[in-house]
file structure-v4.txt (compact mmCIF, N, CA, C and O atoms)
# COMPACT_ATOMS: atom_id res chain seq x y z
N MET A 1 -26.14 12.63 33.72
CA MET A 1 -25.06 12.19 32.87
C MET A 1 -25.64 11.29 31.77
O MET A 1 -26.41 10.38 32.04
N ALA A 2 -25.27 11.54 30.53
CA ALA A 2 -25.78 10.78 29.39
C ALA A 2 -25.13 9.41 29.32
O ALA A 2 -23.95 9.25 29.63
N ARG A 3 -25.91 8.44 28.92
CA ARG A 3 -25.38 7.08 28.76
C ARG A 3 -25.26 6.78 27.28
O ARG A 3 -26.08 7.19 26.48
N SER A 4 -24.24 6.05 26.92
CA SER A 4 -24.03 5.66 25.52
C SER A 4 -24.09 4.16 25.41
O SER A 4 -23.66 3.43 26.30
N THR A 5 -24.62 3.71 24.29
CA THR A 5 -24.65 2.28 23.99
C THR A 5 -23.83 2.06 22.74
O THR A 5 -24.00 2.77 21.74
N TYR A 6 -22.92 1.12 22.80
CA TYR A 6 -22.08 0.80 21.64
C TYR A 6 -22.48 -0.54 21.08
O TYR A 6 -22.73 -1.48 21.81
N ARG A 7 -22.56 -0.60 19.75
CA ARG A 7 -22.85 -1.86 19.07
C ARG A 7 -21.66 -2.18 18.17
O ARG A 7 -21.03 -1.30 17.61
N PHE A 8 -21.38 -3.44 18.06
CA PHE A 8 -20.26 -3.89 17.25
C PHE A 8 -20.78 -4.59 16.00
O PHE A 8 -21.90 -5.10 15.97
N ARG A 9 -19.95 -4.61 14.99
CA ARG A 9 -20.33 -5.23 13.73
C ARG A 9 -19.15 -6.01 13.18
O ARG A 9 -18.03 -5.54 13.19
N GLU A 10 -19.43 -7.21 12.72
CA GLU A 10 -18.40 -8.03 12.07
C GLU A 10 -18.29 -7.61 10.61
O GLU A 10 -19.28 -7.23 9.99
N TYR A 11 -17.09 -7.68 10.06
CA TYR A 11 -16.87 -7.39 8.65
C TYR A 11 -16.12 -8.57 8.02
O TYR A 11 -15.17 -9.07 8.60
N GLY A 12 -16.58 -8.99 6.86
CA GLY A 12 -15.91 -10.06 6.13
C GLY A 12 -15.06 -9.46 5.00
O GLY A 12 -15.53 -8.61 4.25
N VAL A 13 -13.82 -9.86 4.92
CA VAL A 13 -12.91 -9.37 3.88
C VAL A 13 -12.51 -10.54 3.01
O VAL A 13 -11.99 -11.55 3.51
N THR A 14 -12.75 -10.44 1.70
CA THR A 14 -12.40 -11.49 0.76
C THR A 14 -11.70 -10.89 -0.45
O THR A 14 -11.89 -9.72 -0.77
N PRO A 15 -10.89 -11.69 -1.14
CA PRO A 15 -10.27 -11.18 -2.36
C PRO A 15 -11.33 -10.84 -3.40
O PRO A 15 -12.36 -11.50 -3.50
N ASP A 16 -11.08 -9.79 -4.17
CA ASP A 16 -11.99 -9.40 -5.24
C ASP A 16 -11.63 -10.20 -6.49
O ASP A 16 -10.61 -9.94 -7.12
N GLU A 17 -12.45 -11.17 -6.80
CA GLU A 17 -12.18 -12.07 -7.93
C GLU A 17 -12.34 -11.37 -9.28
O GLU A 17 -11.88 -11.87 -10.30
N LEU A 18 -13.01 -10.22 -9.32
CA LEU A 18 -13.23 -9.51 -10.58
C LEU A 18 -12.06 -8.59 -10.95
O LEU A 18 -11.94 -8.18 -12.10
N ALA A 19 -11.23 -8.26 -9.99
CA ALA A 19 -10.12 -7.33 -10.23
C ALA A 19 -8.84 -8.08 -10.56
O ALA A 19 -8.54 -9.13 -9.99
N GLU A 20 -8.08 -7.53 -11.48
CA GLU A 20 -6.78 -8.10 -11.84
C GLU A 20 -5.71 -7.51 -10.92
O GLU A 20 -5.76 -6.32 -10.60
N PRO A 21 -4.74 -8.31 -10.51
CA PRO A 21 -3.66 -7.76 -9.70
C PRO A 21 -2.81 -6.79 -10.52
O PRO A 21 -2.86 -6.81 -11.76
N ALA A 22 -2.05 -5.97 -9.86
CA ALA A 22 -1.15 -5.03 -10.53
C ALA A 22 0.22 -5.12 -9.88
O ALA A 22 0.35 -5.48 -8.72
N PHE A 23 1.24 -4.78 -10.65
CA PHE A 23 2.62 -4.85 -10.19
C PHE A 23 3.28 -3.51 -10.48
O PHE A 23 3.07 -2.93 -11.53
N GLN A 24 4.09 -3.02 -9.53
CA GLN A 24 4.67 -1.69 -9.66
C GLN A 24 6.08 -1.67 -9.08
O GLN A 24 6.38 -2.38 -8.13
N ALA A 25 6.92 -0.82 -9.66
CA ALA A 25 8.27 -0.61 -9.13
C ALA A 25 8.59 0.87 -9.17
O ALA A 25 8.13 1.61 -10.05
N VAL A 26 9.39 1.31 -8.20
CA VAL A 26 9.90 2.67 -8.15
C VAL A 26 11.41 2.58 -7.99
O VAL A 26 11.90 1.83 -7.14
N CYS A 27 12.14 3.33 -8.80
CA CYS A 27 13.59 3.31 -8.74
C CYS A 27 14.07 4.07 -7.51
O CYS A 27 13.71 5.23 -7.31
N VAL A 28 14.87 3.41 -6.67
CA VAL A 28 15.42 4.04 -5.47
C VAL A 28 16.93 4.20 -5.58
O VAL A 28 17.62 4.38 -4.59
N SER A 29 17.46 4.12 -6.80
CA SER A 29 18.88 4.36 -7.03
C SER A 29 19.14 5.86 -7.01
O SER A 29 18.27 6.65 -7.36
N GLY A 30 20.33 6.22 -6.63
CA GLY A 30 20.71 7.63 -6.66
C GLY A 30 21.69 7.93 -5.55
O GLY A 30 21.66 7.30 -4.50
N GLU A 31 22.57 8.89 -5.80
CA GLU A 31 23.58 9.27 -4.82
C GLU A 31 22.96 10.06 -3.67
O GLU A 31 22.99 9.64 -2.54
N GLU A 32 22.41 11.23 -3.96
CA GLU A 32 21.88 12.10 -2.91
C GLU A 32 20.36 12.00 -2.78
O GLU A 32 19.81 12.32 -1.74
N ALA A 33 19.68 11.58 -3.83
CA ALA A 33 18.22 11.43 -3.81
C ALA A 33 17.84 10.28 -4.72
O ALA A 33 18.55 9.96 -5.66
N ASP A 34 16.71 9.64 -4.40
CA ASP A 34 16.21 8.55 -5.24
C ASP A 34 15.86 9.08 -6.62
O ASP A 34 15.37 10.20 -6.77
N CYS A 35 16.06 8.25 -7.63
CA CYS A 35 15.68 8.58 -9.01
C CYS A 35 14.17 8.85 -9.05
O CYS A 35 13.72 9.83 -9.62
N GLY A 36 13.38 7.95 -8.48
CA GLY A 36 11.93 8.14 -8.41
C GLY A 36 11.15 7.71 -9.63
O GLY A 36 9.93 7.86 -9.65
N ALA A 37 11.83 7.18 -10.66
CA ALA A 37 11.09 6.73 -11.84
C ALA A 37 10.09 5.65 -11.41
O ALA A 37 10.43 4.75 -10.64
N ASP A 38 8.87 5.75 -11.90
CA ASP A 38 7.78 4.87 -11.48
C ASP A 38 7.26 4.09 -12.68
O ASP A 38 6.92 4.68 -13.70
N SER A 39 7.18 2.78 -12.53
CA SER A 39 6.68 1.93 -13.62
C SER A 39 5.19 2.09 -13.84
O SER A 39 4.67 1.63 -14.85
N ARG A 40 4.49 2.68 -12.89
CA ARG A 40 3.03 2.69 -12.87
C ARG A 40 2.55 1.24 -12.82
O ARG A 40 3.32 0.32 -12.81
N ASP A 41 1.26 1.04 -12.76
CA ASP A 41 0.74 -0.34 -12.67
C ASP A 41 1.02 -1.12 -13.94
O ASP A 41 0.75 -0.64 -15.04
N GLN A 42 1.58 -2.31 -13.77
CA GLN A 42 1.82 -3.23 -14.87
C GLN A 42 0.88 -4.43 -14.69
O GLN A 42 0.59 -4.83 -13.57
N ALA A 43 0.44 -5.00 -15.79
CA ALA A 43 -0.56 -6.07 -15.75
C ALA A 43 -0.03 -7.38 -15.20
O ALA A 43 -0.79 -8.17 -14.63
N ASP A 44 1.26 -7.63 -15.35
CA ASP A 44 1.82 -8.88 -14.86
C ASP A 44 3.30 -8.71 -14.53
O ASP A 44 3.90 -7.67 -14.81
N GLU A 45 3.87 -9.74 -13.91
CA GLU A 45 5.26 -9.67 -13.49
C GLU A 45 6.23 -9.60 -14.67
O GLU A 45 7.29 -8.99 -14.58
N GLU A 46 5.84 -10.19 -15.79
CA GLU A 46 6.68 -10.14 -16.99
C GLU A 46 6.79 -8.71 -17.52
O GLU A 46 7.87 -8.25 -17.89
N ALA A 47 5.68 -7.98 -17.55
CA ALA A 47 5.69 -6.59 -17.99
C ALA A 47 6.52 -5.73 -17.04
O ALA A 47 7.27 -4.85 -17.47
N LEU A 48 6.42 -6.01 -15.75
CA LEU A 48 7.23 -5.27 -14.77
C LEU A 48 8.71 -5.57 -14.97
O LEU A 48 9.53 -4.65 -14.95
N ALA A 49 9.06 -6.83 -15.18
CA ALA A 49 10.46 -7.20 -15.40
C ALA A 49 11.01 -6.50 -16.64
O ALA A 49 12.17 -6.05 -16.65
N ARG A 50 10.19 -6.36 -17.68
CA ARG A 50 10.61 -5.63 -18.88
C ARG A 50 10.90 -4.17 -18.57
O ARG A 50 11.91 -3.61 -18.98
N TRP A 51 10.01 -3.54 -17.79
CA TRP A 51 10.21 -2.14 -17.41
C TRP A 51 11.50 -1.99 -16.59
O TRP A 51 12.29 -1.07 -16.83
N LEU A 52 11.70 -2.90 -15.63
CA LEU A 52 12.91 -2.85 -14.80
C LEU A 52 14.17 -2.96 -15.67
O LEU A 52 15.13 -2.19 -15.50
N ALA A 53 14.17 -3.91 -16.59
CA ALA A 53 15.33 -4.12 -17.46
C ALA A 53 15.58 -2.89 -18.34
O ALA A 53 16.74 -2.47 -18.50
N GLU A 54 14.53 -2.32 -18.89
CA GLU A 54 14.68 -1.15 -19.76
C GLU A 54 15.21 0.05 -18.97
O GLU A 54 16.08 0.79 -19.44
N HIS A 55 14.70 0.24 -17.76
CA HIS A 55 15.16 1.36 -16.94
C HIS A 55 16.64 1.17 -16.57
O HIS A 55 17.42 2.13 -16.64
N THR A 56 17.01 -0.05 -16.22
CA THR A 56 18.42 -0.31 -15.89
C THR A 56 19.30 -0.11 -17.12
O THR A 56 20.37 0.49 -17.04
N ARG A 57 18.85 -0.59 -18.28
CA ARG A 57 19.59 -0.41 -19.52
C ARG A 57 19.81 1.07 -19.82
O ARG A 57 20.91 1.50 -20.18
N ASP A 58 18.76 1.86 -19.65
CA ASP A 58 18.83 3.27 -20.02
C ASP A 58 19.56 4.15 -19.01
O ASP A 58 20.10 5.20 -19.37
N THR A 59 19.58 3.74 -17.73
CA THR A 59 20.12 4.61 -16.68
C THR A 59 21.28 4.00 -15.90
O THR A 59 22.01 4.73 -15.24
N GLY A 60 21.40 2.68 -15.92
CA GLY A 60 22.39 2.01 -15.08
C GLY A 60 21.91 1.81 -13.65
O GLY A 60 22.63 1.23 -12.82
N HIS A 61 20.71 2.25 -13.33
CA HIS A 61 20.17 2.09 -11.97
C HIS A 61 19.82 0.63 -11.70
O HIS A 61 19.28 -0.05 -12.57
N GLU A 62 20.08 0.19 -10.47
CA GLU A 62 19.89 -1.23 -10.15
C GLU A 62 19.04 -1.49 -8.91
O GLU A 62 18.80 -2.64 -8.57
N ARG A 63 18.59 -0.45 -8.22
CA ARG A 63 17.83 -0.66 -6.97
C ARG A 63 16.40 -0.15 -7.14
O ARG A 63 16.18 0.98 -7.57
N PHE A 64 15.43 -0.99 -6.76
CA PHE A 64 14.02 -0.66 -6.94
C PHE A 64 13.21 -1.09 -5.72
O PHE A 64 13.54 -2.09 -5.08
N ARG A 65 12.16 -0.36 -5.44
CA ARG A 65 11.14 -0.80 -4.48
C ARG A 65 10.04 -1.42 -5.33
O ARG A 65 9.51 -0.79 -6.24
N VAL A 66 9.69 -2.67 -5.05
CA VAL A 66 8.74 -3.41 -5.88
C VAL A 66 7.54 -3.83 -5.01
O VAL A 66 7.71 -4.26 -3.87
N ALA A 67 6.34 -3.70 -5.59
CA ALA A 67 5.13 -4.09 -4.87
C ALA A 67 4.16 -4.78 -5.82
O ALA A 67 4.13 -4.49 -7.01
N SER A 68 3.38 -5.70 -5.26
CA SER A 68 2.28 -6.28 -6.02
C SER A 68 0.99 -5.87 -5.30
O SER A 68 0.94 -5.86 -4.07
N TRP A 69 0.02 -5.50 -6.07
CA TRP A 69 -1.24 -5.01 -5.52
C TRP A 69 -2.37 -5.98 -5.84
O TRP A 69 -2.48 -6.48 -6.93
N SER A 70 -3.19 -6.23 -4.84
CA SER A 70 -4.39 -7.02 -5.05
C SER A 70 -5.57 -6.22 -4.49
O SER A 70 -5.38 -5.20 -3.84
N TYR A 71 -6.75 -6.68 -4.74
CA TYR A 71 -7.95 -5.95 -4.35
C TYR A 71 -8.81 -6.82 -3.44
O TYR A 71 -8.78 -8.04 -3.53
N ALA A 72 -9.57 -6.16 -2.58
CA ALA A 72 -10.42 -6.87 -1.63
C ALA A 72 -11.82 -6.30 -1.66
O ALA A 72 -12.04 -5.16 -2.03
N VAL A 73 -12.77 -7.14 -1.23
CA VAL A 73 -14.16 -6.73 -1.07
C VAL A 73 -14.50 -6.88 0.41
O VAL A 73 -14.18 -7.90 1.02
N VAL A 74 -15.13 -5.86 0.98
CA VAL A 74 -15.51 -5.89 2.39
C VAL A 74 -17.03 -5.88 2.47
O VAL A 74 -17.69 -5.03 1.88
N LYS A 75 -17.57 -6.85 3.20
CA LYS A 75 -19.02 -6.95 3.39
C LYS A 75 -19.33 -6.76 4.87
O LYS A 75 -18.75 -7.43 5.73
N ALA A 76 -20.23 -5.84 5.15
CA ALA A 76 -20.64 -5.60 6.52
C ALA A 76 -21.59 -6.71 6.97
O ALA A 76 -22.51 -7.08 6.24
N GLY A 77 -21.37 -7.22 8.16
CA GLY A 77 -22.24 -8.25 8.71
C GLY A 77 -23.31 -7.65 9.59
O GLY A 77 -23.53 -6.43 9.60
N ALA A 78 -23.93 -8.49 10.35
CA ALA A 78 -25.02 -8.05 11.23
C ALA A 78 -24.46 -7.28 12.43
O ALA A 78 -23.35 -7.49 12.87
N TRP A 79 -25.28 -6.37 12.91
CA TRP A 79 -24.93 -5.66 14.14
C TRP A 79 -25.02 -6.64 15.31
O TRP A 79 -25.90 -7.48 15.35
N GLN A 80 -24.16 -6.49 16.24
CA GLN A 80 -24.15 -7.35 17.44
C GLN A 80 -24.93 -6.70 18.56
O GLN A 80 -24.97 -5.54 18.70
call {"tool": "encode", "arguments": {"input": "structure-v4.txt", "output": "structure tokens"}}
result
Amino acid sequence: MARSTYRFREYGVTPDELAEPAFQAVCVSGEEADCGADSRDQADEEALARWLAEHTRDTGHERFRVASWSYAVVKAGAWQ
């Protein structure tokens, strides 16, 4: 019977200081199906708020799924 040896490794996760955060919204208004309009990545919350206001102005839609995105760097540590 073959024997296996397992080794473990620690990983460090830190925020990526070189990457800019992004903000996104998707319209979830609709009677039978979500509208689905997507703001795509916006550089800041003010730009996202502008997109939300314009979409509501143009469509009357008022419900959105909103997310903010950040980035991380993962560094592998020593094998245990």
call {"tool": "closest_atom_pairs", "arguments": {"input": "structure-v4.txt", "of": "segment 2-45 of chain A", "to": "segment 68-78 of chain A", "cutoff": "8 Å", "atoms": "all atoms listed in the file", "output": "JSON lines"}}
result
{"residue": "A:Arg7", "atom": "C", "partner": "A:Ala78", "partner_atom": "O", "distance": 7.7}
{"residue": "A:Phe8", "atom": "O", "partner": "A:Ala78", "partner_atom": "O", "distance": 4.2}
{"residue": "A:Arg9", "atom": "CA", "partner": "A:Ala78", "partner_atom": "O", "distance": 3.9}
{"residue": "A:Glu10", "atom": "O", "partner": "A:Gly77", "partner_atom": "N", "distance": 2.8}
{"residue": "A:Tyr11", "atom": "CA", "partner": "A:Lys75", "partner_atom": "O", "distance": 3.5}
{"residue": "A:Gly12", "atom": "O", "partner": "A:Lys75", "partner_atom": "N", "distance": 2.9}
{"residue": "A:Val13", "atom": "CA", "partner": "A:Val73", "partner_atom": "O", "distance": 3.5}
{"residue": "A:Thr14", "atom": "O", "partner": "A:Val73", "partner_atom": "N", "distance": 2.8}
{"residue": "A:Pro15", "atom": "CA", "partner": "A:Tyr71", "partner_atom": "O", "distance": 3.7}
{"residue": "A:Asp16", "atom": "N", "partner": "A:Tyr71", "partner_atom": "O", "distance": 3.0}
{"residue": "A:Glu17", "atom": "N", "partner": "A:Tyr71", "partner_atom": "O", "distance": 5.8}
{"residue": "A:Leu18", "atom": "N", "partner": "A:Tyr71", "partner_atom": "O", "distance": 7.5}
{"residue": "A:Ala19", "atom": "O", "partner": "A:Tyr71", "partner_atom": "N", "distance": 6.1}
{"residue": "A:Glu20", "atom": "O", "partner": "A:Trp69", "partner_atom": "O", "distance": 4.9}
{"residue": "A:Pro21", "atom": "CA", "partner": "A:Trp69", "partner_atom": "O", "distance": 3.3}
{"residue": "A:Ala22", "atom": "O", "partner": "A:Trp69", "partner_atom": "N", "distance": 2.7}
{"residue": "A:Phe23", "atom": "CA", "partner": "A:Ser68", "partner_atom": "CA", "distance": 4.4}
{"residue": "A:Gln24", "atom": "N", "partner": "A:Ser68", "partner_atom": "N", "distance": 5.1}
{"residue": "A:Ala25", "atom": "N", "partner": "A:Ser68", "partner_atom": "N", "distance": 7.5}
{"residue": "A:Gln42", "atom": "O", "partner": "A:Trp69", "partner_atom": "O", "distance": 7.5}
call {"tool": "select_by_dssp", "arguments": {"input": "structure-v4.txt", "residues": "chain A", "states": "strand (DSSP E or B)", "output": "list in words"}}
result
Arg9, Glu10, Tyr11, Gly12, Val13, Thr14, Pro15, Ala22, Phe23, Gln24, Ala25, Val26, Cys27, Asp38, Gln42, Phe64, Arg65, Val66, Ala67, Ser68, Trp69, Ala72, Val73, Val74, Lys75, Ala76, Gly77, Ala78 and Trp79 of chain A
call {"tool": "atom_distance", "arguments": {"input": "structure-v4.txt", "atom1": "atom CA of Glu46 of chain A", "atom2": "atom C of Thr59 of chain A"}}
result
20.4 Å
call {"tool": "closest_residue", "arguments": {"input": "structure-v4.txt", "among": "A:Gln80, A:His61, A:Tyr6, A:Val66", "to": "Gly30 of chain A", "atoms": "all atoms listed in the file"}}
result
A:His61
call {"tool": "atom_distance", "arguments": {"input": "structure-v4.txt", "atom1": "atom CA of Arg50 of chain A", "atom2": "atom O of Glu31 of chain A"}}
result
25.6 Å
call {"tool": "select_by_dssp", "arguments": {"input": "structure-v4.txt", "residues": "chain A", "states": "helix (DSSP H, G or I)", "output": "number ranges by chain"}}
result
A: 45-59
call {"tool": "atom_distance", "arguments": {"input": "structure-v4.txt", "atom1": "atom CA of Arg63 of chain A", "atom2": "atom CA of Cys27 of chain A"}}
result
6.1 Å
call {"tool": "closest_residue", "arguments": {"input": "structure-v4.txt", "among": "A:Val28, A:Ala33, A:Ala49, A:Ala43", "to": "Phe64 of chain A", "atoms": "only N, CA, C and O atoms"}}
result
A:Val28
